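**Q** Supplied in structure tokens, the structure appears directly below.
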Amino acid sequence: MRASILLSTLAMALVAQATSLTGLRTLVLLDTLDDADMYTNLWNDLEGRHFNLTINDVSSPITLAKYDRRLYDHIIFLAPKMKEYPKGMSAKAVVGFVAEGGNVILAGSSELASPLRELSREFDVEYDNRYTSVLDHFNYDKELGEAKHDTIVVNPSTHMSKIDAIVPQDKLPGPILFRGIGHSANPKNSLLTPILWAPQEAYSWESVNLDESADQDPLITGKDISLVSVMQARNNARIAFLGSTDMLSDAFFEAPAKKQGDKETVNGNRRFIEELTKWTFQEKSALDVVAVQHHKVGEEEAPAHYRIKDNMTYTISLAEYHDGEWHPFSADDVQLELIMLDPYVRKTLEQVELDDQSTVGTFTTTLQLPDQYGVFKFTVNYKRPGLTYIESVTTVGIHPFRHDQYPRFISQAKPYYTSAASMGVGLLIFTFVYLWGGLDSSVKTTKKA
Amino acid sequence: MNDINAAVNSLVTAYIKDTPKSLKLIDSYMVYVLLTGIIQFVYVVIAGTFPNNAFLAGFISTVASFVLAANLRIQTNPKNASQFPTTSPERAFADFLACNVVVHFAVANFLG
């Protein structure tokens, strides 16, 4: 067991080359510095991915930003008991940190105190009351959770989100062990995604005495209890909310998972945390718009303006970042919209075939501009779960027809053309006959018989 | 019924006998213009007004030609000579031609 873990650590350290797009300066907050010994595997994993860890406890003052610039790129909160923020930090400072593009991992526990609870409320995540745990009498781990039924075993194939961009389920070698507090991520918030939730038999209650049953309805039960949720803010900063600091600890990384009625297996905590931190620290699932081109069919350069009903080709190149490099991005649902207050045209772009030299994924389409003139925005608004939000806007003017660009000699109008011509011809013939036809204009009168 | 028949018959015979040839020429020209206008109108009712400007140009050319021909008939009718002391038939025809030139120029421009 030990040997396999050591070997896998070595292997991961060799393979790990992921580099965060946001930066490498990571601040870790612990309740006391002695807690750092509980998470040595986590530090090794992170430092193997080249992060600079600054491990502080809550008593030392911290400066998050200087001269309006972040001094750190990521914050990991592993201090659930924190009653007050360290000097220099506040909920407002952390929210400002996220607004400047910093990523946050916030881990709670049953002893979660009010500062971090209020910080989570800023992001629409509501942790349950202090001293509550997620309890489950059917899915507890036989070794760690026998006494209080508070260490639960969660099956990733049924209780984890299927978004591969965040944590791919097939990479996890086993179930997840969890001991801590539950939270509820506002389902109406489209930026929040629950990643791991509790089994149907779980409930969130004060784990004081197992012989007593809950005498009121628990606040959250079953699948409504989120164990891990993530949020990607509108500026693409990523925040992960975990209910358990033990999930990241050495003890849980190395413990086998044994549920009542199942056989003992390796747990998937280490891999889960690795993928989650990779996602949160922008080491994977990050998209970028590399280039945007548009031009009339048959030309190469973008014109100064278009004309209605022109044929236009639009091309956008997207790249995806993972494993330390930019790769071509592949998708079949990237759409182009032509918007002037409302979308006039919405078309799905086709991907150009990738070859070995491709560094970006190219999406292109040819369409006819609408029969409406004005100032349009060519927009690619691509927001998918787990990927960075892409919004590429190109503003172009579409002009109406010039007076000599209207269609002429329309075949439906032939009768009118012939009639106008015949009027002229008739006039000429009438003139000739009238003037030189020898007509008499006198009035004849006859005697009435 | 018989009275109407008799009235129409006398009108037609009087017209054929008493009207000068020049006025009959103008009348036949006006009938030709009228027919062209009716044909265009029937066409637009069937086929729709798609090139609006072309329909209007064609139709207005017939209407304007009809009106100008009517004016020419009124002004050159010897029976009305007392109402037009300063306008001789030649002057009336010159007016007719000049107005027609303007009308057909405008029609050709609007025809598109």
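Labeling convention for the structure tokens: chains A, B, ... as they appear, residues from 1 per chain, ligands from 1 in order of appearance.
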Show me a table, sorted first by chain and then by increasing residue number, of the residues of chain B having an atom at most 6 Å from chain A, each with its shortest atom pair and the distance in Å to one decimal, counting only C-alpha atoms and written as CSV.
**A**
```
residue,atom,partner,partner_atom,distance
B:Asp18,CA,A:Lys444,CA,5.4
B:Pro20,CA,A:Ser441,CA,5.1
B:Lys21,CA,A:Asp440,CA,5.8
B:Ser22,CA,A:Ser441,CA,5.3
B:Phe55,CA,A:Tyr416,CA,5.8
B:Gly58,CA,A:Tyr416,CA,4.7
```
**Q** Deliver the residues from the most recent selection as a file, using N, CA and C atoms, as a PDB file, in the first residue's frame.
**A**
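Result saved to part.pdb:
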```pdb
ATOM      1  N   ASP B  18     -70.787  63.696 -88.185  1.00  0.00           N
ATOM      2  CA  ASP B  18     -70.545  65.114 -87.906  1.00  0.00           C
ATOM      3  C   ASP B  18     -69.160  65.411 -87.383  1.00  0.00           C
ATOM      4  N   PRO B  20     -65.255  65.974 -87.138  1.00  0.00           N
ATOM      5  CA  PRO B  20     -64.154  66.146 -88.089  1.00  0.00           C
ATOM      6  C   PRO B  20     -63.144  65.018 -87.953  1.00  0.00           C
ATOM      7  N   LYS B  21     -62.372  64.797 -89.043  1.00  0.00           N
ATOM      8  CA  LYS B  21     -61.440  63.669 -89.053  1.00  0.00           C
ATOM      9  C   LYS B  21     -60.351  63.811 -88.018  1.00  0.00           C
ATOM     10  N   SER B  22     -59.904  65.057 -87.782  1.00  0.00           N
ATOM     11  CA  SER B  22     -58.812  65.211 -86.814  1.00  0.00           C
ATOM     12  C   SER B  22     -59.275  64.803 -85.418  1.00  0.00           C
ATOM     13  N   PHE B  55     -44.641  49.764 -62.248  1.00  0.00           N
ATOM     14  CA  PHE B  55     -46.092  49.784 -62.475  1.00  0.00           C
ATOM     15  C   PHE B  55     -46.606  51.207 -62.534  1.00  0.00           C
ATOM     16  N   GLY B  58     -45.533  52.997 -65.791  1.00  0.00           N
ATOM     17  CA  GLY B  58     -46.298  52.560 -66.952  1.00  0.00           C
ATOM     18  C   GLY B  58     -47.730  53.065 -66.912  1.00  0.00           C
TER      19      GLY B  58
END
```
**Q** From a DSSP calculation on the backbone, collect every residue of region 7-124 of chain A in alpha helix (DSSP H) and output the set as a PyMOL selection string.
**A** chain A and resi 7-15+40-48+91-99+114-121
**Q** Excluding Met231 (chain A) and any residue of its chain fewer than 6 positions from it, enumerate the residues within 9 Å of it, using only C-alpha atoms, and give them as a list in words.
**A**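 Listing them by chain and then by number gives Phe123, Ser190, Leu191, Leu192, Thr193, Pro194, Ala237, Arg238, Ile239, Ala240 and Phe241 of chain A.
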**Q** Can you pull out the residues contacting Tyr32 (chain B)? Cut-off 10 Å, using only C-alpha atoms, and skip same-chain residues under 2 positions away; I want them as a list in words.
**A**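 Contacts, with the query itself left out: Ser422, Met423 and Gly426 of chain A; Ile26, Asp27, Ser28, Tyr29, Met30, Leu34, Leu35, Thr36, Gly37, Thr62 and Phe66 of chain B.
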**Q** Emit the selected residues as a PDB file, in the first residue's frame, including N, CA and C atoms.
**A**
```pdb
ATOM      1  N   SER A 422     -44.648  51.852 -75.817  1.00  0.00           N
ATOM      2  CA  SER A 422     -45.716  51.961 -76.816  1.00  0.00           C
ATOM      3  C   SER A 422     -46.400  53.317 -76.741  1.00  0.00           C
ATOM      4  N   MET A 423     -46.468  53.903 -75.553  1.00  0.00           N
ATOM      5  CA  MET A 423     -47.013  55.263 -75.440  1.00  0.00           C
ATOM      6  C   MET A 423     -46.202  56.223 -76.267  1.00  0.00           C
ATOM      7  N   GLY A 426     -46.721  55.447 -79.944  1.00  0.00           N
ATOM      8  CA  GLY A 426     -48.061  55.896 -80.335  1.00  0.00           C
ATOM      9  C   GLY A 426     -48.122  57.405 -80.502  1.00  0.00           C
TER      10      GLY A 426
ATOM     11  N   ILE B  26     -57.887  61.893 -82.892  1.00  0.00           N
ATOM     12  CA  ILE B  26     -57.559  62.008 -81.467  1.00  0.00           C
ATOM     13  C   ILE B  26     -58.346  60.995 -80.657  1.00  0.00           C
ATOM     14  N   ASP B  27     -59.608  60.787 -81.012  1.00  0.00           N
ATOM     15  CA  ASP B  27     -60.420  59.808 -80.274  1.00  0.00           C
ATOM     16  C   ASP B  27     -59.846  58.418 -80.383  1.00  0.00           C
ATOM     17  N   SER B  28     -59.398  58.047 -81.583  1.00  0.00           N
ATOM     18  CA  SER B  28     -58.853  56.690 -81.707  1.00  0.00           C
ATOM     19  C   SER B  28     -57.558  56.562 -80.926  1.00  0.00           C
ATOM     20  N   TYR B  29     -56.762  57.635 -80.917  1.00  0.00           N
ATOM     21  CA  TYR B  29     -55.530  57.620 -80.112  1.00  0.00           C
ATOM     22  C   TYR B  29     -55.880  57.438 -78.646  1.00  0.00           C
ATOM     23  N   MET B  30     -56.935  58.115 -78.185  1.00  0.00           N
ATOM     24  CA  MET B  30     -57.309  58.001 -76.782  1.00  0.00           C
ATOM     25  C   MET B  30     -57.803  56.600 -76.451  1.00  0.00           C
ATOM     26  N   LEU B  34     -56.272  54.181 -73.680  1.00  0.00           N
ATOM     27  CA  LEU B  34     -57.151  53.617 -72.645  1.00  0.00           C
ATOM     28  C   LEU B  34     -56.977  52.110 -72.552  1.00  0.00           C
ATOM     29  N   LEU B  35     -56.940  51.460 -73.737  1.00  0.00           N
ATOM     30  CA  LEU B  35     -56.780  50.002 -73.726  1.00  0.00           C
ATOM     31  C   LEU B  35     -55.462  49.593 -73.069  1.00  0.00           C
ATOM     32  N   THR B  36     -54.393  50.353 -73.430  1.00  0.00           N
ATOM     33  CA  THR B  36     -53.096  50.018 -72.818  1.00  0.00           C
ATOM     34  C   THR B  36     -53.167  50.137 -71.293  1.00  0.00           C
ATOM     35  N   GLY B  37     -53.843  51.193 -70.815  1.00  0.00           N
ATOM     36  CA  GLY B  37     -53.968  51.368 -69.369  1.00  0.00           C
ATOM     37  C   GLY B  37     -54.742  50.242 -68.717  1.00  0.00           C
ATOM     38  N   THR B  62     -49.848  56.111 -69.294  1.00  0.00           N
ATOM     39  CA  THR B  62     -51.113  56.025 -70.042  1.00  0.00           C
ATOM     40  C   THR B  62     -52.085  57.099 -69.565  1.00  0.00           C
ATOM     41  N   PHE B  66     -53.523  60.104 -71.922  1.00  0.00           N
ATOM     42  CA  PHE B  66     -54.980  60.239 -72.113  1.00  0.00           C
ATOM     43  C   PHE B  66     -55.435  61.648 -71.795  1.00  0.00           C
TER      44      PHE B  66
END
```
**Q** Any idea what's packed within 10 Å of region 308-317 of chain A, counting only C-alpha atoms, ignoring anything in its chain fewer than 2 positions away? Could you give it as an MDAnalysis selection string?
**A** chainID A and resid 288:300 302 306 319 328:329 334 336 349:352 359:374 378 380 392 397:401
**Q** I want to know what sits within 10 Å of Phe93 (chain B), based on only C-alpha atoms, with residues of the same chain fewer than 6 positions away left out; could you give that as number ranges by chain?
**A** A: 431, 434-435; B: 68-69, 71-73, 75-76, 87, 99
**Q** Using only C-alpha atoms, which of the listed residues (A:Pro80, A:Gly261, A:Pro115, A:Pro86) sits closest to Ile181 (chain A)?
**A**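 Looking only at the distances to Ile181 (chain A), the closest residue turns out to be A:Pro80.
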**Q** Quick check, in Å to one decimal: how far apart do CA of Thr26 (chain A) and CA of Leu53 (chain A) lie?
**A**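 Pair CA of Thr26 (chain A) / CA of Leu53 (chain A) returns 4.9 Å.
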**Q** For the strand (DSSP E or B) assignment from backbone DSSP, which residues of region 151-319 of chain A qualify? Please present them as a VMD selection string.
**A** chain A and resid 152 to 154 160 176 to 178 183 to 185 192 to 197 203 to 206 221 226 to 232 238 to 242 256 to 257 259 265 to 266 286 to 296 306 to 307 311 to 319
**Q** Go ahead and compute the interatomic distance for CA of Glu47 (chain A) and CA of Arg25 (chain A), in Å to one decimal.
**A**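 Going from CA of Glu47 (chain A) over to CA of Arg25 (chain A) covers 10.8 Å.
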